[in-house]
Amino acid sequence: METTQDCARDKLVQEKERHVKANARDYNDKFSYADNRIKTSKYNIFTFLPVNLFEQFQRAANAYFVVLLILQLIPAISSLSWFTTIVPLVLVLVITAVKDATDDYFRHKSDQKVNNRQSQVLIRGRLQNEKWMNVRVGDIIKLENNQFVAADILLLCSSEPYGLCYIETAELDGETNLKVRQALTVTSDLGNVSKLMEFDGEVICEPPNNKLDKFTGTLYWRDNKYSLDNDKMLLRGCVLRNTEWCFGMVIFAGLQTKLMQNCGRTQFKRTSIDKLMNTLVLWIFAFLICMGVILAIGNTIWETWVGRKFEVFLPWDEFQSSAVFSGFLTFWSYIIILNTVVPISLYVSVEVLRLGHSFFINWDQKMYYTQTDTAAEARTTTLNEELGQVEFIFSDKTGTLTQNIMVFSKCSINGQTYGTTGSFAELMHKKTACLDFSFNPLSDRGFKFYDSSLIEAIKQEEPAVHEFFRLLALCHTVMPEEKHEGNLVYQAQSPDEGALVTAARNFGFVFRARTPETITLWEIGSTVTYQLLAILDFNNLRKRMSVIVRTPQGKIKLYCKGADTIIFDRLDQSSEDLMYTTSEHLSEFAGEGLRTLALAYKDLDEGYYNIWMKKLLFVSTVIENREDQLALLYDEIEQGMKLLGATAIEDKLQEGVPETIACLNLADIKIWVLTGDKLETAMNIGYSCNMLRDDMNEVFVISGHTLLEVQQQLRSAKEHILGLSRVSSQGNFEKTDMFADDSVFEEEAIIAEYALVISGHSLAHALESQLEHMLLDLAYLCKTVICCRVTPMQKAQVVELVRRHKGSVTLAIGDGANDVSMIKTAHIGVGISGQEGMQAVLASDYSFAQFRYLQRLLLVHGRWSYFRMCNFLGYFFYKNFAFTLVHFWYGFFCGFSAQTVYDQWFITLFNIVYTSLPVLAMGLFDQDVNDQNSLRYPSLYKPGQQNLLFNKRQFFLCTLHGMTTSFLLFFVPYGAFSVLVKEDGSHFSDQQAFAVTMATSLVTVVSVQIGLDTHYWTAVNHLFVWGSLIMYFAILFAKQSDGLCGIFPNFFPFIGTARNCLSEKSTWLVILLTTVVCVVPGLVVSFLRVDLFPTLTDKVRHLQQSRKKQGLQEQNLKRVRRTSSRRSAYAFSHQQGYGELITSGKNMKMSTVSSTCSHERTTHSSNWIENMLKRKNEVSCISQET
Amino acid sequence: MMASSYNAKEEDGHHSGSSTHGGPGVVKSKKPDNTAFKQQRLPAWQPILTAGTVLPAFFVIGLIFIPIGIGLFVTSNNIKEFEIDYTGGTPGNPCYDCAKNLSWNSSTPCFCTVEFKLDQPFESNVYMYYGLSNFYQNHRRYVKSRDDSQLNGDLSALKNPSKECEPYRIVDGAPIAPCGAIANSLFNDTLELYHVASNGTRNLIPLAKKGIAWWTDKHVKFRNPGGNSNLTAAFKDTSKPVNWRKPVYELDPSDSENNGFINEDFIVWMRTAALPTFRKLYRIIHKKPNTTPTLPSGNYTLNITYNYPVLTFGGRKRMILSTISWMGGKNPFLGIAYITVGSICFFLGVVLLIIHHKYDTRSNSADIPN
C-alpha cells in the first residue's frame, strides 16, 4: 500500500485526467487516488528522531556547532573538552525537539479529529456512518444542513427544487454570503437511496488543482454526456446552508481537494532584528577569525623566539614541523575557545523570548473581546519585536474600521430633521430613551432610534413623512423572508438598503413580500399591495435607483433615491426651497460622517407612462448599445421629481476607531486605508474616523483613467504641496495644533495637512515603474492616504511598494479574503477575527476581534517586545564578549597556546546555567514604562521606528563594553596574581586559583550589570539573579569536591581550588575590586546620559514614579469632530444588476426550510486548516534556511 | 447519528446564546485569566538612575575603598621581603660557572654559594620561595601534559598513562611515573641557608619542607598507588621521568610520608602557575620559640645545588625570603589599586555632582509632549 504522500506525488506527475465512477469502489481503486485522510503532521513515533534531527542540522547554527565539535575531537587542536560544546548543543537540540514533538502531537490530534468526523456514505444500498478518512473517491455521500462538506463532491441532488443547494464558502474564500449550487437536471431527481444506488455515471475531469472557481469535467451516464462546471461542485471546507440535505459524489478527496491544494507555502517572515542579528553574527564571525589570525601569528612568533628554546621542558609534537604549522593549529584552537562570542544559546533564547511575548499577547485581557469571546492571538511567534517598529499601517475598511453595520441614524423630511445629534457615546451618557416600537408587531427589535418626534409625525399622518417611508419600503432590491408569522428577515444585497428598509419597517411601513410583479407592504396596520411596474436599476454612473409602482388606488408613482447632487439636478421647480433646507441638513450630516441619500418621488401620468414603457420594452430588446439607451430612457423619466428629504446612515465604525487612529498618528505611524469600496464610501469613512478633516488644506483626489492623466494629477498635487508649504513656512499661520507634533513637522517642513485619495484604476497606472516614485513621494507628504476600489492584488502591490522603497516596517490589517494578499505581503499581517470568515485570520500573524486593539498591540506589546529584545541582545553580546575575550588577553601571557583561562565546566555552563535565566527574565518581564503610560505617550513608540534601541552602533557600544570589561576582568586579577601568596604562605598564583577568581569575578560582574540593566525587578528577576549566583557557587563547590574528583580525577582536576581560593581575603578583595572597576564606567556613562540627555522614556519613568501613589488615570482622548462643510456625503455600496434579477423572478426561492445561523463562525472546525498552514510555514522556513 | 461537525455547530450556537445572556461559567470562556503574571502587572521594584542614588554610591565606594587601600598598602609595606637572583647569566655571578656547564645528564652536581646581607631582622615565620621567570607553565601543551588519574593513585593509569603525557609517556616500554612534561620538568635545585654569625661561623638554618602544599592536594588529589606502604614495589614496572635523577619514590629519602606522588615539592610544582613569571613556596623557616627574630639581620650564605637549566630559554631563577601578614605576602598592587579606584570614584562623584547641578534637567520632566 502506497503512502498518501507518495500517491499524491505520483498523481502530480502522472494524472492527466481523472476517471471516477459512482458506486464502484473496485473500479476507482485501480487509480489509487488519494483517500480522504488528512495528514498535516510531519512525524510518527519512528520517524521522529531521524527526521527531526535531520531538519535541525540543516540550520546553519547547529551545523556550525557540529563542525566545532569535530574540531574539538582532533587532539592537536582541541583546546576544550568535547563536552563544552556537546552539552549546550544537546540541550538546544532537545528543547527544539520537544517543541516540535508537541506541535506535531497537536497536529496529530487535530488531524484525527477531522479524520474521525462522521459522514453518511452510501454503501451497499444503505446509508452508513463512516469516518471522514474512510470516504473514498466515487462514494456517494449525504450531507445535511450546516454540515461541513467532507471532500470535493459533485452535487447530484438536494432537498430543494431544481437540485439547488446553498453553501457558505467562508473557509475557502472568506465570503459569507450564500452561494447557490445546482445539480444537473438529470441527476436532480435521484432523491432516494435506491435510485442513487443504481446511479453508475462516470465522471471524467481535470486532475486535482488549486483553482477554487474553476472545474471542468464531463459526466457519462446512460450513454449521454453532460458537461460539468464549478456550479455543480461542493468543495471541501464549505458548509451546507438552508438546504435540508443533499447527495454528492466524491471527486477529489483528502490532500487532493481544492482546499488542501490551496494551502500553499506562505512566505516565511523575518524581523529586521533577525536580519540585523544575522549580519552581526557574520561580523562577529569575521571578528573571531581576525582574533584567531592575530593569535596564530602571535603563536608563530612566540614559537620561533621562545618556544623553540623552551623545548628543554616542552618539546614540540612530532608532527609539528615548524612554527608556522604550530600557528596554523593554534588558529583552529582559538576558533574553538573563542566561539562563545557567538553563543549557541543565543538563537534558542531569542525563540524563548518571542514565545513568551506571544503568550503575553494571548493572555492580555485588554485585547479580549467579550461579545464574540475572542482573545487576541499571536499566530506567529517570531515577529513580536517587529511590532515595536511599525511605520505604516495598511488597513482594510469594511469589517476592520467599520463593523459593516449600517444604522439609520437621521433623516430630513420635508425640511425637518429627525434623529438626535451627537455621537453614540454621548447618547449613552444622556441616557436618551430609545424609541419604543411596541405599537408595531412587525418591528425589528434590533433597531434603535432616539427621536420621538418622528413617531409623532407618523401618528399625525403627515403625508410627506408617510411618503418618505413608503419610498424606503418600496424602492430597493431587498428580498424578504418570513419563516413564520411576524418573523421577517431581510436579505439585503447592500447593508445600506437593509438599514433603510428596516427603518421603514419599524416606522410602520413594513416591506413584507415581493413577487416579480408586486410588492406587499404592511402600512400602519393594513396590508397594501403595490404593483411593481419597473425597477430603474442602480449603477455607479447614475448614482440613483428608482421604482415605478402602481398604487392600489391605481396611481402610478416613481420613487427615486440617490446621490444628492444627482437628485437635486432633477427636481421640480416647486422643490427649490426645500432643496436648500435639505442641502443644509445634508451638510450637517456630512460633517458627522454619515452617508446620505436624497429621496424624491414623482407622480406619473398614465399616458406618459405607457409611451415610456413601450420605449423601454423596445430598448430592452435592442442588442447594440442597450445599456446606453436604457440610461437615456431612465434619465428621461427621472425628471421633475419632488424632493421628499434625505436619509443619513451611519456606517458604524468599530468601537474606538477614531481614537485609535489619532493615537497611532501621534506615534508617527502612517495609516493608509486600502478598500475595495467606492470613492464616496471610502472618503466618507475617512471623514468619520477623522483621517480626513474639513480643516485639511487639501484633499487630492486622483482618479485619472490614463497614465498621462494620472501623472498630471500627481504632479500638480505635489507642486501644490511643495509650493504652498514654502509659502506658509514663512508665515507659519497655517500651523494646526490639533495633532501638532513639532519634531515631525520640522523634519519634513510640511506644515499644512494634506490627504490623498486615489482610486483603483488610477492606482494601476500609478504603480507602474515610471510613476511609483512620484506616487510614493506624494503619499509621503500627505497625512492620510486612502486607496479605494482596489483589487486584492493592488493592495499587495501598494504594500510591496512602500516596503521596497521606504524600507520601513509595514503592517497590514484586514478581515476578509481580499486582504489575504496584503496581509501576506506586509511585514506583519493582522487579521480581525470573528467577522468575515477565517481566511484573513489564517493568513495573519496576529489576530484579534477589534481594530482598536491594534493600539495596544503596537504601543504596548510591540514596544515592550522591541525594548526587551533590544536590551536582551545588547546584554547578551556584552556578556559573551566579556566572557570570551579574556582568553584573548590571556593569549599574550601563555605563549598564544590557546590555553583557557577558566575551567572547562565553567565554559560549558556559563551560558546555559549561570547567566541564561536572569537575562531571560529581563527579556520577558522588563518594562521601562507601564502600559498606561505607553498608551498615554504614543511618542514613546518612535525610538522603535527609528531603530534606535538596537542597531549597529548600539552593537558596537555593547561589544566595546564587553571588551573593556574583559580587559579589566583579566588585568585586575593579573596585577594581583603576579605576586599573590596565600595567608599560610603557600603559593597561590596558580592557574586554577586564577581561573576560579576570574570566573567568580565574571559571574559577579555580569550579575551586577544585569541588575543595572533591569528596569523592572519582579520576584522572578530576583529569584533568577540570586538563584544563578547561588547556583554558581553550589556547582563550583560540587565540581571541586573530593568525591567527584576521586571518581573522575581527569574530568574534575580542580579539586579543592574553590575552598582554598575563596577562603582567602585577598581573593575577595580582588573580586570586589574587579567588580567595581568593571561596573563603574558603564554606570557613569548611563548616569550622564540619563541626567543630561534624558529621553522621553526617562522622563516618563520619572513621572511614573512620582505619580505612583496618585493612582492610575485612564487615557481620555476626546473624539474630535468638525462640522460644516459643503460636500456631498453620498455613499451607497450597491451594485448593478439586482433589479433585473428581481423582475425576472430568478431569485424567488420558495423554500420553507432555512437557517438563521449562517453568521456563526465555527472556530473549532477550522483548527486543522490552521495547523496545516502553520505546518506549511515551517516547511518553508526550513527550506529558506538551507 | 449526529455528525460531529453538527455537534460543533450546536456548541457554537449554544455558546453565542449564552454569552449574550451573560451567563458565566456555562461554557468555558476564552477570556484570559486576570492574574498579575499574565497581565504583566507583577509587583516590581523599578529603580531609576538618579543623582540621588548614583552620586552617594560613588562617594560610598570612594569612602570604603580608600581606607581599605591604605590598610593594604601599609600592611604590604610592612612585610619584609628579600629577593636574590642566582641564575648566573652574567660573569661575576657566583653561579656563572654552574650555569655555563650545566647539562641534564651530568652526574656530578654543581654547587655554588651566594652571600647576602639582611638589613632588617625577619620576625615570625619566614617563607622561602623559588621564583622562575619566562617559564611557561601555563602553555596549553604543558598544562595538559599530565595524568591526574595516575597522580591520584589509579593503578591502570599508572601502567598505562594518558595520551596527553606524550612525549613523556613511555620510555623503553615502561610507563613513566609520573608522566608528562610538567613532572618531567620538576624544579630540582637544592637550596640551603646559613646564617653567618658575627664570629664567622655558619649556622645552618632549619628549613621545614612539610606544610608547603595545599592540604587538599596532599590528601585528596595526590595519592600513591597502593597506599604509602612500600613505594618501591608500587612503582616497580615504571620508569622515572627522563630528566629526573632519582625515581619518584626516592624524592625524599628521609621521610616516607613525603615520598612518591605525595612529595610536597612535587605537588607544589604540579600546581602550574598562571603566569610565566611565578614563585613557588620552597621551605618554611619556623619562628623560634624565644623572642629572637627568626632571621636576625646580618650576613647569610645561600648554598645552591645548581641542577636546573633556565638560561637556554632566557629564564631567571630567584630565591625569595618573605614574611606574611593577614592578607598574604607582599602585594603592593592591591593597595595601590584600591586607593586609586577609591579616589577615582570619589572624584567622579564630585565631578558628576557639579555636572548635575550645572546642567540640571530635572525641570524638563514637565515638558513631556501632550
# chains A, B, ... in the order shown; residues from 1 in each chain; ligands from 1

call {"tool": "residues_around", "arguments": {"residues": "Pro161 (chain B)", "least_positions_apart": "3", "cutoff": "10 Å", "atoms": "only C-alpha atoms", "output": "CSV table (one decimal) with N, CA and C atoms, in the first residue's frame"}}
result
chain,number,residue,atom,x,y,z
B,146,ARG,N,49.8,15.9,31.7
B,146,ARG,CA,49.8,15.2,32.9
B,146,ARG,C,48.6,14.2,33.0
B,147,ASP,N,48.7,13.3,33.9
B,147,ASP,CA,47.6,12.4,34.0
B,147,ASP,C,47.1,12.4,35.5
B,148,ASP,N,46.0,13.1,35.7
B,148,ASP,CA,45.5,13.2,37.1
B,148,ASP,C,45.1,11.9,37.7
B,149,SER,N,44.7,11.0,36.9
B,149,SER,CA,44.3,9.7,37.4
B,149,SER,C,45.5,9.0,38.0
B,150,GLN,N,46.6,9.1,37.2
B,150,GLN,CA,47.8,8.5,37.7
B,150,GLN,C,48.3,9.1,39.0
B,151,LEU,N,48.2,10.4,39.0
B,151,LEU,CA,48.7,11.1,40.2
B,151,LEU,C,47.7,10.8,41.4
B,154,ASP,N,45.7,5.8,40.7
B,154,ASP,CA,45.0,4.9,39.9
B,154,ASP,C,46.0,3.9,39.3
B,155,LEU,N,45.8,2.6,39.5
B,155,LEU,CA,46.8,1.6,39.1
B,155,LEU,C,46.8,1.5,37.6
B,156,SER,N,45.6,1.5,36.9
B,156,SER,CA,45.6,1.3,35.5
B,156,SER,C,46.3,2.5,34.8
B,157,ALA,N,46.0,3.7,35.4
B,157,ALA,CA,46.7,4.8,34.8
B,157,ALA,C,48.2,4.8,35.0
B,158,LEU,N,48.6,4.2,36.1
B,158,LEU,CA,50.0,4.1,36.4
B,158,LEU,C,50.7,3.3,35.3
B,164,GLU,N,47.8,12.2,26.8
B,164,GLU,CA,48.2,13.6,27.0
B,164,GLU,C,49.6,13.8,27.4
B,165,CYS,N,50.2,12.7,28.0
B,165,CYS,CA,51.5,12.8,28.5
B,165,CYS,C,52.6,12.8,27.5
B,166,GLU,N,52.2,12.4,26.3
B,166,GLU,CA,53.2,12.4,25.2
B,166,GLU,C,54.0,13.7,25.1
B,168,TYR,N,56.3,12.3,27.0
B,168,TYR,CA,56.9,11.7,28.3
B,168,TYR,C,55.9,10.7,28.8
B,169,ARG,N,55.6,9.7,28.0
B,169,ARG,CA,54.6,8.8,28.4
B,169,ARG,C,55.2,7.4,28.7
B,170,ILE,N,56.0,7.0,27.8
B,170,ILE,CA,56.6,5.7,27.9
B,170,ILE,C,58.0,5.8,27.5
B,175,PRO,N,56.1,2.5,31.4
B,175,PRO,CA,55.4,3.7,31.6
B,175,PRO,C,56.1,4.6,32.5
B,176,ILE,N,56.1,5.9,32.2
B,176,ILE,CA,56.7,6.9,33.1
B,176,ILE,C,55.8,7.2,34.3
B,177,ALA,N,56.3,7.2,35.4
B,177,ALA,CA,55.5,7.7,36.6
B,177,ALA,C,56.3,8.7,37.4
B,178,PRO,N,55.9,9.8,37.5
B,178,PRO,CA,54.7,10.5,37.0
B,178,PRO,C,55.0,10.9,35.5
B,179,CYS,N,54.0,10.7,34.7
B,179,CYS,CA,54.2,11.0,33.3
B,179,CYS,C,54.0,12.5,33.0
B,180,GLY,N,54.4,12.9,31.8
B,180,GLY,CA,54.1,14.2,31.3
B,180,GLY,C,55.2,15.2,31.5

call {"tool": "select_by_dssp", "arguments": {"residues": "region 14-249 of chain B", "states": "alpha helix (DSSP H)", "output": "JSON, numbers by chain"}}
result
{"B": [14, 15, 16, 17, 18, 19, 20, 21, 51, 52, 53, 54, 55, 56, 57, 58, 59, 60, 61, 62, 63, 64, 65, 66, 67, 68, 69, 70, 71, 72, 73, 74, 75, 76, 77, 78, 96, 97, 98, 99, 100, 101, 140, 141, 142, 143, 148, 149, 150, 151, 155, 156, 157, 158, 159, 181, 182, 183, 184, 215, 216, 231, 232, 233, 234]}

call {"tool": "residues_around", "arguments": {"residues": "Glu606 (chain A)", "least_positions_apart": "3", "cutoff": "7 Å", "atoms": "only C-alpha atoms", "output": "number ranges by chain"}}
result
A: 556, 609-610

call {"tool": "write_last_selection", "arguments": {"atoms": "C-alpha atoms", "output": "PDB file, in the first residue's frame"}}
result
ATOM      1  CA  ILE A 556     -48.583  55.393 -10.990  1.00  0.00           C
ATOM      2  CA  TYR A 609     -46.014  56.067 -18.584  1.00  0.00           C
ATOM      3  CA  ASN A 610     -47.444  53.847 -21.300  1.00  0.00           C
TER       4      ASN A 610
END

call {"tool": "closest_residue", "arguments": {"among": "B:Asn203, B:Ser133, B:Asn258, B:Asn77", "to": "Phe278 (chain B)", "atoms": "only C-alpha atoms"}}
result
B:Ser133

call {"tool": "select_by_dssp", "arguments": {"residues": "region 781-945 of chain A", "states": "strand (DSSP E)", "output": "PyMOL selection string"}}
result
chain A and resi 784-788+809-814+828-832+846-848

call {"tool": "closest_residue", "arguments": {"among": "A:Met277, A:Met479, A:Leu917, A:Cys1078", "to": "chain B", "atoms": "only C-alpha atoms"}}
result
A:Cys1078

call {"tool": "residues_around", "arguments": {"residues": "region 1083-1085 of chain A", "least_positions_apart": "2", "cutoff": "10 Å", "atoms": "only C-alpha atoms", "output": "list of chain:residue names"}}
result
A:Gln1009, A:Leu1012, A:Asp1013, A:Cys1078, A:Val1079, A:Val1080, A:Pro1081, A:Phe1087, A:Leu1088, A:Arg1089, A:Val1090, A:Asp1091, B:Leu49, B:Val54, B:Leu55, B:Phe58, B:Cys345, B:Leu348, B:Gly349, B:Leu352

call {"tool": "write_last_selection", "arguments": {"atoms": "N, CA and C atoms", "output": "tab-separated table (two decimals), in the first residue's frame"}}
result
chain	number	residue	atom	x	y	z
A	1009	GLN	N	25.78	43.81	36.45
A	1009	GLN	CA	25.43	44.55	35.25
A	1009	GLN	C	23.96	44.32	34.87
A	1012	LEU	N	21.80	46.37	36.91
A	1012	LEU	CA	21.72	47.77	36.49
A	1012	LEU	C	20.88	47.92	35.23
A	1013	ASP	N	20.88	46.88	34.38
A	1013	ASP	CA	20.12	46.97	33.13
A	1013	ASP	C	18.64	46.66	33.30
A	1078	CYS	N	34.86	47.19	36.79
A	1078	CYS	CA	34.16	46.86	35.55
A	1078	CYS	C	32.82	47.57	35.44
A	1079	VAL	N	32.18	47.80	36.57
A	1079	VAL	CA	30.82	48.32	36.51
A	1079	VAL	C	30.79	49.85	36.46
A	1080	VAL	N	31.71	50.47	37.18
A	1080	VAL	CA	31.63	51.92	37.33
A	1080	VAL	C	31.64	52.69	36.00
A	1081	PRO	N	32.51	52.38	35.05
A	1081	PRO	CA	32.49	53.18	33.82
A	1081	PRO	C	31.13	53.17	33.14
A	1087	PHE	N	24.54	57.15	33.69
A	1087	PHE	CA	24.02	58.22	34.54
A	1087	PHE	C	24.08	59.56	33.81
A	1088	LEU	N	25.21	59.80	33.17
A	1088	LEU	CA	25.34	61.07	32.47
A	1088	LEU	C	24.30	61.17	31.36
A	1089	ARG	N	24.07	60.05	30.68
A	1089	ARG	CA	23.09	60.09	29.59
A	1089	ARG	C	21.70	60.43	30.13
A	1090	VAL	N	21.33	59.74	31.21
A	1090	VAL	CA	20.01	59.99	31.76
A	1090	VAL	C	19.91	61.40	32.33
A	1091	ASP	N	20.99	61.84	32.93
A	1091	ASP	CA	20.92	63.12	33.61
A	1091	ASP	C	20.98	64.29	32.64
B	49	LEU	N	18.03	55.47	37.65
B	49	LEU	CA	19.32	56.11	37.90
B	49	LEU	C	19.08	57.59	38.12
B	54	VAL	N	22.83	57.54	42.49
B	54	VAL	CA	24.13	57.24	41.90
B	54	VAL	C	25.26	57.97	42.63
B	55	LEU	N	25.06	59.25	42.88
B	55	LEU	CA	26.15	60.03	43.47
B	55	LEU	C	26.56	59.51	44.85
B	58	PHE	N	28.79	56.55	44.55
B	58	PHE	CA	30.19	56.84	44.24
B	58	PHE	C	30.95	57.25	45.49
B	345	CYS	N	36.60	57.09	42.16
B	345	CYS	CA	35.17	57.09	42.41
B	345	CYS	C	34.76	58.36	43.14
B	348	LEU	N	34.95	61.17	40.72
B	348	LEU	CA	33.83	61.10	39.79
B	348	LEU	C	32.56	61.60	40.45
B	349	GLY	N	32.39	61.20	41.72
B	349	GLY	CA	31.23	61.66	42.46
B	349	GLY	C	31.15	63.18	42.48
B	352	LEU	N	30.48	64.52	38.89
B	352	LEU	CA	29.10	64.29	38.49
B	352	LEU	C	28.16	65.22	39.25

call {"tool": "residues_around", "arguments": {"residues": "Lys280 (chain B)", "least_positions_apart": "5", "cutoff": "10 Å", "atoms": "only C-alpha atoms", "output": "ChimeraX atom specification"}}
result
/A:981,985-990 /B:128-132,212-213,265,268-269,271-273,319-320

call {"tool": "write_last_selection", "arguments": {"atoms": "N, CA, C and O atoms", "output": "mmCIF file, in the first residue's frame"}}
result
data_model
loop_
_atom_site.group_PDB
_atom_site.id
_atom_site.type_symbol
_atom_site.label_atom_id
_atom_site.label_comp_id
_atom_site.auth_asym_id
_atom_site.auth_seq_id
_atom_site.Cartn_x
_atom_site.Cartn_y
_atom_site.Cartn_z
ATOM 1 N N VAL A 981 50.239 35.555 47.320
ATOM 2 C CA VAL A 981 50.646 34.454 48.177
ATOM 3 C C VAL A 981 49.537 34.215 49.179
ATOM 4 O O VAL A 981 48.860 35.143 49.620
ATOM 5 N N GLY A 985 51.181 31.353 53.469
ATOM 6 C CA GLY A 985 52.464 31.459 52.803
ATOM 7 C C GLY A 985 52.604 30.583 51.585
ATOM 8 O O GLY A 985 53.522 30.768 50.793
ATOM 9 N N SER A 986 51.676 29.609 51.395
ATOM 10 C CA SER A 986 51.847 28.737 50.244
ATOM 11 C C SER A 986 51.522 29.513 48.962
ATOM 12 O O SER A 986 50.792 30.490 48.987
ATOM 13 N N HIS A 987 52.089 29.011 47.898
ATOM 14 C CA HIS A 987 51.949 29.794 46.671
ATOM 15 C C HIS A 987 50.529 29.666 46.158
ATOM 16 O O HIS A 987 49.831 28.685 46.397
ATOM 17 N N PHE A 988 50.089 30.670 45.453
ATOM 18 C CA PHE A 988 48.670 30.837 45.236
ATOM 19 C C PHE A 988 48.390 31.348 43.832
ATOM 20 O O PHE A 988 47.265 31.361 43.379
ATOM 21 N N SER A 989 49.432 31.784 43.165
ATOM 22 C CA SER A 989 49.181 32.378 41.849
ATOM 23 C C SER A 989 49.151 31.281 40.793
ATOM 24 O O SER A 989 49.676 31.432 39.727
ATOM 25 N N ASP A 990 48.502 30.183 41.129
ATOM 26 C CA ASP A 990 48.458 29.109 40.148
ATOM 27 C C ASP A 990 47.243 29.279 39.253
ATOM 28 O O ASP A 990 46.327 30.036 39.543
ATOM 29 N N MET B 128 60.391 30.753 52.345
ATOM 30 C CA MET B 128 61.414 30.789 51.311
ATOM 31 C C MET B 128 60.796 30.288 50.008
ATOM 32 O O MET B 128 60.193 29.218 49.941
ATOM 33 N N TYR B 129 60.911 31.102 48.978
ATOM 34 C CA TYR B 129 60.335 30.755 47.679
ATOM 35 C C TYR B 129 61.445 30.631 46.654
ATOM 36 O O TYR B 129 62.504 31.240 46.783
ATOM 37 N N TYR B 130 61.158 29.843 45.627
ATOM 38 C CA TYR B 130 61.990 29.992 44.446
ATOM 39 C C TYR B 130 61.128 30.625 43.376
ATOM 40 O O TYR B 130 59.926 30.344 43.274
ATOM 41 N N GLY B 131 61.719 31.485 42.623
ATOM 42 C CA GLY B 131 60.961 32.173 41.589
ATOM 43 C C GLY B 131 61.552 31.883 40.227
ATOM 44 O O GLY B 131 62.775 31.818 40.074
ATOM 45 N N LEU B 132 60.701 31.642 39.254
ATOM 46 C CA LEU B 132 61.175 31.437 37.891
ATOM 47 C C LEU B 132 60.531 32.492 37.000
ATOM 48 O O LEU B 132 59.381 32.866 37.201
ATOM 49 N N ILE B 212 54.059 22.820 52.884
ATOM 50 C CA ILE B 212 54.158 23.832 51.818
ATOM 51 C C ILE B 212 53.124 23.610 50.733
ATOM 52 O O ILE B 212 52.862 24.494 49.924
ATOM 53 N N ALA B 213 52.514 22.430 50.699
ATOM 54 C CA ALA B 213 51.488 22.195 49.664
ATOM 55 C C ALA B 213 50.112 22.387 50.269
ATOM 56 O O ALA B 213 49.943 22.368 51.484
ATOM 57 N N ASP B 265 57.220 18.930 47.497
ATOM 58 C CA ASP B 265 57.887 19.716 46.453
ATOM 59 C C ASP B 265 57.291 19.406 45.081
ATOM 60 O O ASP B 265 57.048 20.286 44.264
ATOM 61 N N VAL B 268 53.753 20.894 44.826
ATOM 62 C CA VAL B 268 53.816 22.329 44.576
ATOM 63 C C VAL B 268 54.151 22.589 43.114
ATOM 64 O O VAL B 268 53.558 23.444 42.464
ATOM 65 N N TRP B 269 55.071 21.815 42.601
ATOM 66 C CA TRP B 269 55.443 22.025 41.207
ATOM 67 C C TRP B 269 54.290 21.686 40.262
ATOM 68 O O TRP B 269 54.077 22.332 39.251
ATOM 69 N N ARG B 271 51.221 22.069 40.667
ATOM 70 C CA ARG B 271 50.182 23.116 40.617
ATOM 71 C C ARG B 271 50.728 24.230 39.726
ATOM 72 O O ARG B 271 51.413 25.136 40.177
ATOM 73 N N THR B 272 50.378 24.153 38.451
ATOM 74 C CA THR B 272 51.019 25.016 37.466
ATOM 75 C C THR B 272 50.656 26.483 37.664
ATOM 76 O O THR B 272 49.526 26.807 38.022
ATOM 77 N N ALA B 273 51.626 27.312 37.409
ATOM 78 C CA ALA B 273 51.426 28.737 37.629
ATOM 79 C C ALA B 273 50.597 29.354 36.512
ATOM 80 O O ALA B 273 50.592 28.875 35.385
ATOM 81 N N MET B 319 65.718 33.376 44.526
ATOM 82 C CA MET B 319 65.354 32.870 45.835
ATOM 83 C C MET B 319 64.750 34.044 46.591
ATOM 84 O O MET B 319 65.288 35.145 46.568
ATOM 85 N N ILE B 320 63.602 33.806 47.211
ATOM 86 C CA ILE B 320 62.908 34.895 47.891
ATOM 87 C C ILE B 320 62.655 34.503 49.338
ATOM 88 O O ILE B 320 62.207 33.388 49.619
#

call {"tool": "residues_around", "arguments": {"residues": "region 37-40 of chain B", "least_positions_apart": "3", "cutoff": "8 Å", "atoms": "only C-alpha atoms", "output": "PyMOL selection string"}}
result
(chain A and resi 360+363-365+925) or (chain B and resi 32-34)

call {"tool": "closest_residue", "arguments": {"among": "B:Leu204, B:Ala337, B:Ala197, B:Leu302", "to": "chain A", "atoms": "only C-alpha atoms"}}
result
B:Ala337

call {"tool": "residues_around", "arguments": {"residues": "Asn134 (chain B)", "least_positions_apart": "6", "cutoff": "8 Å", "atoms": "only C-alpha atoms", "output": "list of chain:residue names"}}
result
B:Pro276, B:Thr277, B:Phe313, B:Gly314, B:Gly315, B:Arg316

call {"tool": "write_last_selection", "arguments": {"atoms": "N, CA and C atoms", "output": "PDB file, in the first residue's frame"}}
result
ATOM      1  N   PRO B 276      53.769  33.402  33.330  1.00  0.00           N
ATOM      2  CA  PRO B 276      55.124  32.894  33.068  1.00  0.00           C
ATOM      3  C   PRO B 276      56.155  33.301  34.114  1.00  0.00           C
ATOM      4  N   THR B 277      55.857  34.336  34.897  1.00  0.00           N
ATOM      5  CA  THR B 277      56.754  34.669  35.996  1.00  0.00           C
ATOM      6  C   THR B 277      56.041  34.297  37.293  1.00  0.00           C
ATOM      7  N   PHE B 313      66.474  29.218  27.631  1.00  0.00           N
ATOM      8  CA  PHE B 313      65.291  29.915  27.123  1.00  0.00           C
ATOM      9  C   PHE B 313      65.138  31.297  27.752  1.00  0.00           C
ATOM     10  N   GLY B 314      66.211  31.805  28.294  1.00  0.00           N
ATOM     11  CA  GLY B 314      66.183  33.175  28.803  1.00  0.00           C
ATOM     12  C   GLY B 314      65.435  33.304  30.108  1.00  0.00           C
ATOM     13  N   GLY B 315      65.366  32.215  30.879  1.00  0.00           N
ATOM     14  CA  GLY B 315      64.668  32.292  32.149  1.00  0.00           C
ATOM     15  C   GLY B 315      65.573  32.794  33.261  1.00  0.00           C
ATOM     16  N   ARG B 316      64.965  33.135  34.381  1.00  0.00           N
ATOM     17  CA  ARG B 316      65.729  33.566  35.554  1.00  0.00           C
ATOM     18  C   ARG B 316      65.316  32.715  36.742  1.00  0.00           C
TER      19      ARG B 316
END
